[in-house]
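Student: Enclosed is the structure file input.cif (mmCIF, C-alpha atoms).
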data_upload
#
loop_
_atom_site.label_atom_id
_atom_site.label_comp_id
_atom_site.auth_asym_id
_atom_site.auth_seq_id
_atom_site.Cartn_x
_atom_site.Cartn_y
_atom_site.Cartn_z
CA MET A 18 -6.92 36.43 23.71
CA LYS A 19 -3.26 36.46 24.61
CA ARG A 20 -3.81 33.50 26.90
CA PHE A 21 -5.50 31.59 24.10
CA VAL A 22 -2.49 32.06 21.83
CA LEU A 23 -0.30 30.46 24.48
CA PHE A 24 -2.46 27.35 24.34
CA LEU A 25 -2.21 27.00 20.57
CA PRO A 26 0.90 24.77 20.57
CA LEU A 27 -0.74 22.47 23.11
CA ILE A 28 -3.91 22.21 21.04
CA PHE A 29 -1.85 21.57 17.93
CA PHE A 30 0.15 18.90 19.70
CA ILE A 31 -2.98 17.12 20.97
CA GLY A 32 -4.41 17.19 17.45
CA LEU A 33 -1.26 15.73 15.97
CA GLY A 34 -1.13 13.12 18.74
CA ALA A 35 -4.70 12.03 18.04
CA PHE A 36 -3.96 11.81 14.32
CA LEU A 37 -0.86 9.68 14.80
CA TYR A 38 -2.52 7.54 17.48
CA LYS A 39 -5.24 6.65 15.02
CA GLY A 40 -2.53 5.73 12.52
CA LEU A 41 -1.28 3.05 14.90
CA PHE A 42 -4.44 1.06 14.32
CA LEU A 43 -4.67 1.30 10.56
CA ASN A 44 -4.02 -1.88 8.66
CA PRO A 45 -0.67 -1.41 6.92
CA LYS A 46 -1.51 -4.24 4.55
CA ALA A 47 -4.65 -2.56 3.26
CA MET A 48 -3.61 -1.62 -0.23
CA PRO A 49 -5.60 0.73 -2.38
CA SER A 50 -6.52 -1.32 -5.39
CA ALA A 51 -5.46 0.08 -8.71
CA LEU A 52 -7.93 -2.04 -10.65
CA GLU A 53 -11.22 -1.13 -9.02
CA GLY A 54 -13.27 0.68 -11.64
CA GLN A 55 -11.22 -0.90 -14.44
CA PRO A 56 -12.31 -3.69 -16.76
CA VAL A 57 -11.06 -7.23 -16.21
CA PRO A 58 -7.73 -7.51 -18.05
CA ALA A 59 -7.73 -9.55 -21.23
CA PHE A 60 -6.78 -13.20 -20.90
CA LYS A 61 -6.74 -16.35 -22.96
CA LEU A 62 -6.11 -19.46 -20.91
CA LEU A 63 -6.86 -23.15 -20.68
CA THR A 64 -9.17 -24.42 -17.98
CA VAL A 65 -8.11 -26.70 -15.18
CA THR A 66 -10.78 -29.36 -15.54
CA LYS A 67 -10.75 -29.57 -19.33
CA GLY A 68 -7.16 -29.23 -20.41
CA ASP A 69 -8.06 -28.33 -23.98
CA ARG A 70 -10.81 -25.77 -23.45
CA VAL A 71 -9.65 -22.19 -24.09
CA VAL A 72 -11.42 -19.44 -22.17
CA THR A 73 -11.29 -15.67 -22.64
CA ASN A 74 -13.06 -12.63 -21.22
CA ALA A 75 -16.09 -13.49 -23.37
CA ASP A 76 -16.63 -16.57 -21.20
CA LEU A 77 -17.16 -14.48 -18.09
CA VAL A 78 -20.89 -13.90 -18.03
CA GLY A 79 -23.48 -12.89 -15.48
CA GLU A 80 -25.10 -9.82 -13.98
CA TYR A 81 -22.33 -9.92 -11.50
CA TYR A 82 -19.80 -12.57 -10.70
CA LEU A 83 -16.78 -13.34 -8.59
CA LEU A 84 -13.30 -13.96 -9.85
CA ASN A 85 -11.52 -16.01 -7.24
CA VAL A 86 -7.75 -16.49 -7.35
CA TRP A 87 -6.77 -19.78 -5.78
CA ALA A 88 -4.02 -22.38 -5.70
CA THR A 89 -3.42 -25.72 -4.07
CA TRP A 90 -0.27 -24.41 -2.36
CA CYS A 91 -2.32 -21.76 -0.63
CA ALA A 92 -3.45 -22.82 2.83
CA ALA A 93 -5.91 -19.97 3.24
CA CYS A 94 -7.65 -21.06 0.04
CA LYS A 95 -8.55 -24.31 1.74
CA ALA A 96 -10.11 -22.40 4.61
CA GLU A 97 -12.07 -20.31 2.15
CA HIS A 98 -13.23 -23.17 -0.01
CA PRO A 99 -16.34 -24.30 1.94
CA TYR A 100 -17.62 -20.77 1.98
CA LEU A 101 -17.14 -20.44 -1.76
CA LEU A 102 -19.22 -23.59 -2.19
CA ASP A 103 -21.98 -21.96 -0.11
CA ILE A 104 -21.86 -18.81 -2.23
CA ALA A 105 -21.98 -20.83 -5.44
CA ARG A 106 -24.96 -22.78 -4.12
CA SER A 107 -26.78 -19.52 -3.37
CA GLY A 108 -26.64 -18.79 -7.10
CA VAL A 109 -23.64 -16.51 -7.51
CA SER A 110 -21.35 -17.34 -10.42
CA ILE A 111 -17.76 -17.84 -9.39
CA TYR A 112 -14.95 -18.08 -11.89
CA GLY A 113 -11.66 -19.42 -10.65
CA VAL A 114 -8.18 -18.32 -11.53
CA ASN A 115 -5.85 -21.15 -10.68
CA TYR A 116 -2.73 -19.15 -9.90
CA LYS A 117 0.74 -20.61 -10.52
CA ASP A 118 -0.32 -24.12 -9.79
CA ASP A 119 0.02 -27.66 -10.99
CA MET A 120 -2.84 -28.93 -13.15
CA VAL A 121 -2.93 -32.42 -11.69
CA ALA A 122 -2.90 -31.15 -8.12
CA ALA A 123 -5.58 -28.58 -8.97
CA ASN A 124 -7.85 -31.26 -10.44
CA GLU A 125 -7.34 -33.45 -7.39
CA TRP A 126 -8.27 -30.50 -5.18
CA LEU A 127 -11.49 -29.85 -7.10
CA THR A 128 -12.47 -33.51 -6.97
CA ARG A 129 -11.73 -33.85 -3.29
CA TYR A 130 -13.25 -30.58 -2.04
CA GLN A 131 -15.89 -30.12 -4.77
CA ASP A 132 -15.84 -27.47 -7.46
CA PRO A 133 -17.61 -24.15 -6.83
CA TYR A 134 -16.34 -22.62 -10.07
CA GLN A 135 -18.02 -22.25 -13.47
CA PHE A 136 -14.51 -22.95 -14.67
CA SER A 137 -11.02 -22.29 -13.39
CA ALA A 138 -8.62 -20.61 -15.79
CA PHE A 139 -5.22 -22.23 -15.58
CA ASP A 140 -2.82 -19.32 -15.04
CA VAL A 141 0.35 -21.33 -14.73
CA ASP A 142 2.87 -18.52 -15.18
CA GLY A 143 0.82 -16.06 -13.14
CA LEU A 144 0.61 -13.52 -15.95
CA PHE A 145 -3.15 -13.04 -15.72
CA GLY A 146 -2.73 -12.76 -11.96
CA LEU A 147 -0.07 -10.15 -12.49
CA ASN A 148 -2.36 -8.17 -14.78
CA LEU A 149 -5.01 -8.38 -12.08
CA GLY A 150 -2.56 -6.95 -9.58
CA VAL A 151 -2.60 -10.16 -7.56
CA TYR A 152 0.23 -10.56 -5.07
CA GLY A 153 -0.87 -13.75 -3.37
CA ALA A 154 -3.80 -16.03 -2.96
CA PRO A 155 -6.63 -16.05 -2.12
CA GLU A 156 -7.92 -12.89 -3.72
CA THR A 157 -11.45 -12.30 -4.86
CA PHE A 158 -12.75 -9.75 -7.34
CA LEU A 159 -16.35 -8.68 -7.70
CA VAL A 160 -17.16 -7.84 -11.33
CA ASP A 161 -20.34 -6.13 -12.52
CA HIS A 162 -22.53 -6.53 -15.62
CA HIS A 163 -20.24 -4.24 -17.63
CA GLY A 164 -17.21 -6.36 -16.82
CA ILE A 165 -15.87 -3.66 -14.49
CA ILE A 166 -14.07 -4.71 -11.33
CA ARG A 167 -15.99 -3.28 -8.41
CA LEU A 168 -14.04 -4.76 -5.55
CA ARG A 169 -10.73 -6.42 -5.00
CA TYR A 170 -10.62 -8.37 -1.78
CA ALA A 171 -7.33 -9.87 -0.62
CA GLY A 172 -7.75 -12.57 1.98
CA VAL A 173 -10.22 -15.22 2.99
CA VAL A 174 -13.86 -14.62 2.07
CA ASP A 175 -16.04 -15.54 5.04
CA THR A 176 -19.50 -14.69 6.35
CA ARG A 177 -18.32 -11.42 7.76
CA SER A 178 -16.36 -10.11 4.79
CA TRP A 179 -19.11 -11.31 2.45
CA LYS A 180 -21.70 -9.33 4.36
CA VAL A 181 -19.62 -6.23 4.94
CA ARG A 182 -17.60 -5.92 1.74
CA PHE A 183 -19.45 -7.79 -0.99
CA MET A 184 -23.17 -7.59 -0.25
CA PRO A 185 -23.51 -3.77 -0.31
CA LEU A 186 -21.77 -3.60 -3.68
CA ILE A 187 -23.88 -6.44 -5.08
CA GLU A 188 -26.98 -4.51 -3.99
CA ASP A 189 -25.58 -1.46 -5.80
CA ILE A 190 -25.05 -3.46 -8.97
CA LYS A 191 -28.58 -4.87 -8.79
CA ARG A 192 -29.99 -1.37 -8.39
CA GLU A 193 -27.96 -0.14 -11.35
CA ILE A 194 -29.27 -2.98 -13.51
CA ALA A 195 -32.84 -2.29 -12.43
CA ALA A 196 -32.39 1.42 -13.19
CA SER A 197 -30.97 0.74 -16.65
CA ASN A 198 -33.89 -1.58 -17.48
CA MET A 199 -36.50 1.03 -16.69
CA MET B 25 31.53 -26.36 25.42
CA LYS B 26 33.85 -24.45 23.13
CA LEU B 27 33.63 -27.13 20.49
CA TRP B 28 29.87 -27.03 20.73
CA ILE B 29 29.83 -23.28 20.03
CA ILE B 30 32.10 -23.75 17.03
CA VAL B 31 29.87 -26.45 15.64
CA VAL B 32 26.72 -24.36 16.04
CA THR B 33 28.31 -21.23 14.57
CA SER B 34 29.66 -23.01 11.56
CA LEU B 35 26.33 -24.69 11.03
CA LEU B 36 24.57 -21.33 11.15
CA MET B 37 27.07 -19.83 8.75
CA PHE B 38 26.57 -22.71 6.39
CA LEU B 39 22.80 -22.35 6.51
CA SER B 40 22.80 -18.59 5.98
CA ALA B 41 25.26 -18.90 3.11
CA ASN B 42 22.87 -21.34 1.52
CA THR B 43 19.83 -19.06 1.75
CA VAL B 44 21.79 -16.16 0.25
CA ALA B 45 22.87 -18.29 -2.65
CA GLY B 46 19.28 -19.42 -3.16
CA SER B 47 17.88 -15.93 -3.68
CA VAL B 48 20.05 -14.98 -6.64
CA ASP B 49 18.41 -15.36 -9.98
CA THR B 50 20.58 -14.69 -12.97
CA TYR B 51 19.62 -12.70 -15.99
CA GLN B 52 21.51 -12.28 -19.21
CA PHE B 53 21.21 -8.73 -20.50
CA SER B 54 21.50 -8.03 -24.19
CA LYS B 55 22.92 -4.57 -23.53
CA PRO B 56 25.31 -3.78 -20.69
CA GLU B 57 23.41 -0.65 -19.56
CA TYR B 58 20.28 -2.77 -19.01
CA GLU B 59 21.84 -4.35 -15.98
CA ALA B 60 22.26 -1.03 -14.16
CA ARG B 61 18.71 0.01 -15.09
CA PHE B 62 17.39 -3.37 -13.96
CA HIS B 63 19.03 -3.03 -10.55
CA ASN B 64 17.85 0.54 -10.22
CA LEU B 65 14.24 -0.41 -10.99
CA ASN B 66 14.36 -3.29 -8.53
CA LYS B 67 15.51 -0.80 -5.93
CA ILE B 68 12.76 1.78 -6.45
CA LEU B 69 9.91 -0.71 -6.86
CA ARG B 70 8.40 -2.08 -3.71
CA CYS B 71 7.36 -5.69 -3.23
CA PRO B 72 3.52 -5.65 -3.06
CA LYS B 73 3.39 -8.59 -0.71
CA CYS B 74 5.99 -7.48 1.80
CA GLN B 75 5.79 -4.32 3.80
CA ASN B 76 9.26 -2.86 3.74
CA GLN B 77 11.26 -4.55 1.04
CA ASN B 78 11.93 -3.60 -2.52
CA LEU B 79 11.96 -6.08 -5.37
CA ALA B 80 15.70 -6.56 -5.09
CA ASP B 81 15.48 -7.38 -1.38
CA SER B 82 12.59 -9.74 -1.44
CA ASN B 83 12.55 -13.35 -2.43
CA SER B 84 8.80 -13.79 -2.27
CA MET B 85 7.12 -15.39 -5.25
CA ILE B 86 5.54 -12.18 -6.42
CA SER B 87 8.87 -10.33 -6.31
CA GLN B 88 10.50 -13.02 -8.40
CA ASP B 89 7.67 -12.71 -10.92
CA LEU B 90 7.87 -8.95 -11.00
CA ARG B 91 11.64 -9.02 -11.46
CA LYS B 92 11.07 -11.34 -14.37
CA GLU B 93 8.53 -8.90 -15.81
CA VAL B 94 10.92 -5.97 -15.38
CA TYR B 95 13.58 -7.95 -17.21
CA ARG B 96 11.19 -8.99 -19.97
CA MET B 97 9.91 -5.48 -20.57
CA MET B 98 13.42 -4.08 -20.54
CA GLU B 99 14.54 -6.57 -23.16
CA GLU B 100 11.48 -5.53 -25.18
CA GLY B 101 13.01 -2.06 -25.20
CA ARG B 102 10.53 -0.33 -22.92
CA SER B 103 11.67 2.72 -21.00
CA ASP B 104 11.95 2.93 -17.22
CA GLU B 105 8.89 5.20 -17.11
CA GLN B 106 6.84 2.67 -19.04
CA ILE B 107 7.87 -0.15 -16.73
CA VAL B 108 7.05 1.88 -13.62
CA GLU B 109 3.71 2.85 -15.19
CA PHE B 110 2.99 -0.82 -15.87
CA MET B 111 3.52 -1.64 -12.19
CA VAL B 112 1.49 1.31 -10.92
CA MET B 113 -1.42 0.35 -13.22
CA ARG B 114 -1.58 -3.02 -11.53
CA TYR B 115 -0.43 -2.51 -7.99
CA GLY B 116 -1.15 1.17 -7.42
CA ASP B 117 1.13 3.81 -5.99
CA PHE B 118 2.00 1.32 -3.28
CA VAL B 119 4.73 -0.14 -5.49
CA LEU B 120 6.62 3.13 -5.57
CA TYR B 121 9.04 3.64 -2.73
CA LYS B 122 9.13 7.32 -3.50
CA PRO B 123 5.57 8.64 -3.40
CA LYS B 124 4.29 10.62 -6.36
CA VAL B 125 3.58 14.32 -5.93
CA ASP B 126 -0.18 14.72 -6.26
CA ASN B 127 -3.26 15.87 -4.35
CA THR B 128 -3.02 13.18 -1.73
CA THR B 129 0.67 13.62 -1.06
CA TYR B 130 1.16 17.41 -1.14
CA PHE B 131 1.01 17.48 2.65
CA LEU B 132 3.57 14.71 2.87
CA TRP B 133 5.97 16.44 0.50
CA TYR B 134 5.56 20.06 1.50
CA GLY B 135 4.30 19.68 5.08
CA PRO B 136 7.78 19.63 6.64
CA ILE B 137 8.87 22.70 4.66
CA GLY B 138 5.61 24.38 5.69
CA PHE B 139 6.23 23.60 9.35
CA GLY B 140 9.78 24.95 9.05
CA VAL B 141 8.61 28.19 7.45
CA PHE B 142 5.86 28.55 10.05
CA GLY B 143 8.39 28.00 12.85
CA PHE B 144 10.71 30.67 11.46
CA ILE B 145 7.83 33.12 11.11
CA VAL B 146 6.84 32.56 14.75
CA LEU B 147 10.47 32.90 15.79
CA GLY B 148 10.80 36.12 13.78
CA VAL B 149 7.65 37.59 15.30
CA VAL B 150 8.81 36.75 18.82
CA VAL B 151 12.27 38.23 18.25
CA ILE B 152 10.94 41.44 16.69
CA ARG B 153 8.47 41.87 19.51
CA GLN B 154 11.10 41.35 22.19
CA ARG B 155 13.41 43.79 20.45
CA GLY B 156 10.59 46.34 20.28
CA LYS B 157 9.95 45.88 24.00
CA LEU B 158 13.63 46.40 24.84
CA MET B 159 13.71 49.59 22.77
CA ASP B 160 10.58 50.84 24.50
CA GLU B 161 12.19 50.22 27.85
CA ASN B 162 15.33 52.11 26.83
CA ASN B 163 13.26 54.99 25.54
CA ALA B 164 11.21 54.92 28.68
CA LYS B 165 14.35 55.21 30.84
CA GLU B 166 15.36 58.43 29.18
CA GLY B 167 11.93 59.94 29.37
CA ASP B 168 11.38 58.78 32.90
CA GLN B 169 13.91 61.14 34.51
CA LEU B 170 12.39 62.67 37.59
CA SER B 171 11.86 66.39 37.60
CA GLN B 172 13.82 68.39 40.19
CA GLN B 173 10.72 68.77 42.29
CA GLU B 174 10.06 65.05 42.25
CA GLN B 175 13.69 64.33 43.07
CA ARG B 176 13.57 66.56 46.09
CA ALA B 177 10.37 64.92 47.25
CA LEU B 178 11.95 61.53 46.85
CA ASP B 179 15.08 62.54 48.76
CA LYS B 180 12.92 63.80 51.57
CA ILE B 181 11.11 60.50 51.84
CA LEU B 182 14.34 58.53 51.75
CA ASN B 183 15.95 60.70 54.40
CA ARG B 184 12.96 60.46 56.65
CA ASN B 185 13.27 56.68 56.71
CA LYS B 186 16.90 56.77 57.70
#
Write the structure described by the file as C-alpha cells, please.
Tutor:
Amino acid sequence: MKRFVLFLPLIFFIGLGAFLYKGLFLNPKAMPSALEGQPVPAFKLLTVTKGDRVVTNADLVGEYYLLNVWATWCAACKAEHPYLLDIARSGVSIYGVNYKDDMVAANEWLTRYQDPYQFSAFDVDGLFGLNLGVYGAPETFLVDHHGIIRLRYAGVVDTRSWKVRFMPLIEDIKREIAASNM
Amino acid sequence: MKLWIIVVTSLLMFLSANTVAGSVDTYQFSKPEYEARFHNLNKILRCPKCQNQNLADSNSMISQDLRKEVYRMMEEGRSDEQIVEFMVMRYGDFVLYKPKVDNTTYFLWYGPIGFGVFGFIVLGVVVIRQRGKLMDENNAKEGDQLSQQEQRALDKILNRNK
C-alpha cells in the first residue's frame, strides 16, 4: 500500500501528460457555434440576381435546406462552388448569402460558374452575416423544417465534410419529420 | 554596402509606418466616456477570425465590422453588458478573452487553487509525520537505556574483543 502511494505522483503526471498531449492535436480553430439550435436570425434583403426582389425568412422553405455564405472575393468559395452545384442537382435547396460583396461581380460569378442557389440574399454590409455569427466565407448552415439551425460549418464543403458532418444530421431531420407525420 | 543597408532600413520603416496608419479607423463619440468604454470593449473582445488577437489588435474584416457594431450599439446607449451579450449570442464564449465562470470552466478557474491546496495538505501531512517520527525517536532514546545487567553484559563483550 505504502509503495502504491509513492507511485501516485507518477500516475498523476502520466495522466496529465496524456491529456495535454491530446490537446496538441485539437483544432484551435474549431469554434463552438453559438447559433446551433437557434432559429435563423431575421433578415430582409435584396437578392443578387434580381436587384429589386426583397427576401425575408418567409422565403426560406423546405424540409431542410442549406444557407451558404459566399463572396466573389473568397477564393475558397470558388473551390466549393462545383460541389454546391452537385448538391443542388441532387435536390437539396441551397440559399445563398452573398456576404459583403459587389452586386455586379456577384452576378458575373453566378453567370460564369452557374447558380446553385434558390436565391442569394445580398448582404452588402454584412449585418445578416454578423447576426449569423459568420466570421469569414465560406460558411454553410444546415437548417431544419422548423427553421432551426442544426449545423454551422465553417470552411469548404466537399464530399468528405458532406458525408461526415451534413448527411447524419439530414438523416436525423428526415426521421424527425417522418415521426411527426405518424 | 552601408548605403544599401540604410536604403533597405528606411524602406522598411516607411512600409511599416504605412501599415500602422492604415489600421486606424476613426470614430466620433457623442460622449467623452464612450471612447474609454469603446477601447475597453475592444480589448476584452476577441477577434473570431484570428486566434490570439482582440478586436483592437486585429485589422481583419470581421474585426472592423465588429468594432463598428460596438460603436453603433454604444451610441444607441446600450450598456457594456448588453454589447458583450450581443457578441456572445453570435460568436459564443470564444469572443471573450476572460472565460466565464460556469460548469465547463470551473476546473480552469479553481483547478490551480485546488492543486495549491492539495499540495499544502500533502506537505502538511509529510511534515507532521516526520515530526511525529522524530519525537518517537527521542522518546525511544530515553526509554532505551540499558539496564545495569545489560550494560555489564555489553561491557564484557566489548572487552573480550579488545
Student: Using all atoms listed in the file, I'd like every residue of chain A that has an atom within 7 Å of chain B; please write them out as a list in words.
Tutor: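 Per the criterion, chain A yields Pro49, Ser50, Ala51, Leu52, Asn148, Leu149, Gly150 and Tyr152 of chain A.
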Student: Excluding same-chain residues fewer than 5 positions from range 129-131 of chain A, what lies within 12 Å of it counting all atoms listed in the file, as an mmCIF file with C-alpha atoms, in the coordinates of the input?
Tutor:
data_model
loop_
_atom_site.group_PDB
_atom_site.id
_atom_site.type_symbol
_atom_site.label_atom_id
_atom_site.label_comp_id
_atom_site.auth_asym_id
_atom_site.auth_seq_id
_atom_site.Cartn_x
_atom_site.Cartn_y
_atom_site.Cartn_z
ATOM 1 C CA THR A 66 -10.780 -29.360 -15.540
ATOM 2 C CA THR A 89 -3.420 -25.720 -4.070
ATOM 3 C CA CYS A 94 -7.650 -21.060 0.040
ATOM 4 C CA LYS A 95 -8.550 -24.310 1.740
ATOM 5 C CA ALA A 96 -10.110 -22.400 4.610
ATOM 6 C CA GLU A 97 -12.070 -20.310 2.150
ATOM 7 C CA HIS A 98 -13.230 -23.170 -0.010
ATOM 8 C CA PRO A 99 -16.340 -24.300 1.940
ATOM 9 C CA TYR A 100 -17.620 -20.770 1.980
ATOM 10 C CA LEU A 101 -17.140 -20.440 -1.760
ATOM 11 C CA LEU A 102 -19.220 -23.590 -2.190
ATOM 12 C CA ASP A 103 -21.980 -21.960 -0.110
ATOM 13 C CA ALA A 105 -21.980 -20.830 -5.440
ATOM 14 C CA ARG A 106 -24.960 -22.780 -4.120
ATOM 15 C CA ALA A 122 -2.900 -31.150 -8.120
ATOM 16 C CA ALA A 123 -5.580 -28.580 -8.970
ATOM 17 C CA ASN A 124 -7.850 -31.260 -10.440
#
Student: Name every residue that the PyMOL selection byres ((chain A and resi 55-63) around 7) selects in this structure, writing the answer as a list in words with chains first and numbers rising.
Tutor: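 This file, filtered by the PyMOL selection byres ((chain A and resi 55-63) around 7), leaves Leu52, Glu53, Gly54, Thr64, Val65, Gly68, Asp69, Arg70, Val71, Val72, Thr73, Asn74, Ala138, Phe139, Asp140, Phe145, Asn148, Leu149, Gly164, Ile165 and Ile166 of chain A.
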Student: Cys91 in chain A: which residues within 9 Å, counting all atoms listed in the file, same-chain residues fewer than 4 positions away excluded, as a list in words?
Tutor: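 Those residues are Trp87, Lys95, Gly153, Ala154 and Pro155 of chain A.
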Student: Evaluate the PyMOL selection byres ((chain A and resi 183) around 12) on the structure here and hand back the selected residues as a compact mmCIF listing (two decimals) with C-alpha atoms, in the coordinates of the input.
Tutor:
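Result went into out_22.txt, see below:
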# COMPACT_ATOMS: atom_id res chain seq x y z
CA TYR A 81 -22.33 -9.92 -11.50
CA TYR A 82 -19.80 -12.57 -10.70
CA LEU A 83 -16.78 -13.34 -8.59
CA ILE A 104 -21.86 -18.81 -2.23
CA VAL A 109 -23.64 -16.51 -7.51
CA THR A 157 -11.45 -12.30 -4.86
CA PHE A 158 -12.75 -9.75 -7.34
CA LEU A 159 -16.35 -8.68 -7.70
CA VAL A 160 -17.16 -7.84 -11.33
CA ASP A 161 -20.34 -6.13 -12.52
CA ARG A 167 -15.99 -3.28 -8.41
CA LEU A 168 -14.04 -4.76 -5.55
CA ARG A 169 -10.73 -6.42 -5.00
CA TYR A 170 -10.62 -8.37 -1.78
CA VAL A 174 -13.86 -14.62 2.07
CA ASP A 175 -16.04 -15.54 5.04
CA THR A 176 -19.50 -14.69 6.35
CA ARG A 177 -18.32 -11.42 7.76
CA SER A 178 -16.36 -10.11 4.79
CA TRP A 179 -19.11 -11.31 2.45
CA LYS A 180 -21.70 -9.33 4.36
CA VAL A 181 -19.62 -6.23 4.94
CA ARG A 182 -17.60 -5.92 1.74
CA MET A 184 -23.17 -7.59 -0.25
CA PRO A 185 -23.51 -3.77 -0.31
CA LEU A 186 -21.77 -3.60 -3.68
CA ILE A 187 -23.88 -6.44 -5.08
CA GLU A 188 -26.98 -4.51 -3.99
CA ASP A 189 -25.58 -1.46 -5.80
CA ILE A 190 -25.05 -3.46 -8.97
Student: So what do you get for CA of Ala80 in chain B versus CA of Gly101 in chain B, distance-wise?
Tutor: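 A separation of 20.8 Å between them.
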Student: One decimal, in Å: what's the spacing between CA of Val149 in chain B and CA of Glu161 in chain B?
Tutor: 18.4 Å
Student: Between CA of Asp132 in chain A and CA of Tyr116 in chain A, what distance in Å does the model show, to one decimal?
Tutor: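 Computing it gives 15.7 Å between the two atoms.
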Student: Might you spell out which residues the PyMOL selection byres ((chain B and resi 78) around 8) would select in the displayed file, as a list in words?
Tutor: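 Listing what the PyMOL selection byres ((chain B and resi 78) around 8) selects in the shown file: Asn66, Lys67, Ile68, Leu69, Arg70, Cys71, Asn76, Gln77, Leu79, Ala80, Asp81, Ser82 and Tyr121 of chain B.
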Student: I need the residues from that last selection saved to file as a short mmCIF file (atom, residue, chain, number, x, y, z; two decimals), in the coordinates of the input (with C-alpha atoms), if you can.
Tutor:
data_model
loop_
_atom_site.label_atom_id
_atom_site.label_comp_id
_atom_site.auth_asym_id
_atom_site.auth_seq_id
_atom_site.Cartn_x
_atom_site.Cartn_y
_atom_site.Cartn_z
CA ASN B 66 14.36 -3.29 -8.53
CA LYS B 67 15.51 -0.80 -5.93
CA ILE B 68 12.76 1.78 -6.45
CA LEU B 69 9.91 -0.71 -6.86
CA ARG B 70 8.40 -2.08 -3.71
CA CYS B 71 7.36 -5.69 -3.23
CA ASN B 76 9.26 -2.86 3.74
CA GLN B 77 11.26 -4.55 1.04
CA LEU B 79 11.96 -6.08 -5.37
CA ALA B 80 15.70 -6.56 -5.09
CA ASP B 81 15.48 -7.38 -1.38
CA SER B 82 12.59 -9.74 -1.44
CA TYR B 121 9.04 3.64 -2.73
#
Student: For a cut-off of 12 Å around (12.8, 6.4, -15.0), file coordinates, pick out all residues using all atoms listed in the file and list them as a short mmCIF file (atom, residue, chain, number, x, y, z; two decimals) with C-alpha atoms, in the coordinates of the input.
Tutor:
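This went into result.cif:
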data_model
loop_
_atom_site.label_atom_id
_atom_site.label_comp_id
_atom_site.auth_asym_id
_atom_site.auth_seq_id
_atom_site.Cartn_x
_atom_site.Cartn_y
_atom_site.Cartn_z
CA ARG B 61 18.71 0.01 -15.09
CA PHE B 62 17.39 -3.37 -13.96
CA ASN B 64 17.85 0.54 -10.22
CA LEU B 65 14.24 -0.41 -10.99
CA ASN B 66 14.36 -3.29 -8.53
CA LYS B 67 15.51 -0.80 -5.93
CA ILE B 68 12.76 1.78 -6.45
CA LEU B 69 9.91 -0.71 -6.86
CA MET B 98 13.42 -4.08 -20.54
CA ARG B 102 10.53 -0.33 -22.92
CA SER B 103 11.67 2.72 -21.00
CA ASP B 104 11.95 2.93 -17.22
CA GLU B 105 8.89 5.20 -17.11
CA GLN B 106 6.84 2.67 -19.04
CA ILE B 107 7.87 -0.15 -16.73
CA VAL B 108 7.05 1.88 -13.62
CA GLU B 109 3.71 2.85 -15.19
CA LEU B 120 6.62 3.13 -5.57
#
Student: Leaving out Asn85 in chain A and any residue of its chain fewer than 3 positions from it, which residues lie within 7 Å of it when counting only C-alpha atoms, given as a list of chain:residue names?
Tutor: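 Skipping anything fewer than 3 positions along the chain leaves A:Ile111, A:Tyr112, A:Gly113, A:Val114, A:Glu156, A:Thr157, A:Phe158.
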